[in-house]
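Below is one structure, written out as structure tokens; comments come after it.
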Amino acid sequence: MITINLLENGEFNSRETASKTVGDLRNELEIPSTANVMVGGTIRTNEFELTDGALVAYASNNKVGG
């Protein structure tokens with residue numbers, strides 16, 4: 001398990017996850033395949049590996065968060 005900081009409702013919240021990559025996180029949080037997932041402020045591919053303490057946000061239909 002790692003702890004990421006996920007942007008929710010305009011603020012980053014610590015969240016434990018078993019996901020090792022952005023693709024795993026998409027499945028865990030049911031993030032649509034059409035949504036952009038940003039780690040550290042940069043859009044990342046599904047293969048990008050998550051690290052402990054990463055800042056994660058996702059945007060779908062011009063909405064950021066969850």
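Residue numbering restarts at 1 in every chain; chains get A, B, ... in the order shown in the structure tokens, and ligands count up from 1 in that same order.
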Show which residues sit within 10 Å of Leu29 of chain A, as a list in words. Count only C-alpha atoms, and ignore same-chain residues fewer than 2 positions away.
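Selected residues are Thr17, Ser19, Asp24, Leu25, Arg26, Asn27, Ile31, Pro32 and Gly66 of chain A.
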Among chain A, which residues does DSSP mark as alpha helix (DSSP H) when it is run on the backbone? Keep the chain and numbering as in the structure and answer as a PyMOL selection string.
chain A and resi 22-29
Segment 6-13 of chain A environment, 12 Å, only C-alpha atoms, sequence neighbours closer than 6 positions dropped, as JSON, numbers by chain:
{"A": [25, 29, 37, 38, 39, 40, 41, 50, 52, 53, 54, 55, 56, 57, 58, 59, 63, 64, 65, 66]}
So which one's closest to Glu30 of chain A, A:Ser14, A:Asn5, A:Ser60, A:Thr45? Using only C-alpha atoms, please.
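The shortest atom-to-atom distance to Glu30 of chain A comes from A:Ser60.
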Out of A:Thr21, A:Asn46, A:Thr3, A:Thr51, which residue has the shortest atom-to-atom distance to Ser33 of chain A when counting only C-alpha atoms?
A:Asn46
Enumerate the residues of chain A with a DSSP assignment of strand (DSSP E), computed from the backbone, and present them as a list of chain:residue names.
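So, restricting chain A to strand (DSSP E), we get A:Ile2, A:Thr3, A:Ile4, A:Asn5, A:Leu6, A:Leu7, A:Glu8, A:Glu11, A:Phe12, A:Asn13, A:Ser14, A:Arg15, A:Glu16, A:Thr17, A:Asn36, A:Val37, A:Met38, A:Val39, A:Thr42, A:Ile43, A:Leu55, A:Val56, A:Ala57, A:Tyr58, A:Ala59, A:Ser60, A:Lys63, A:Val64.
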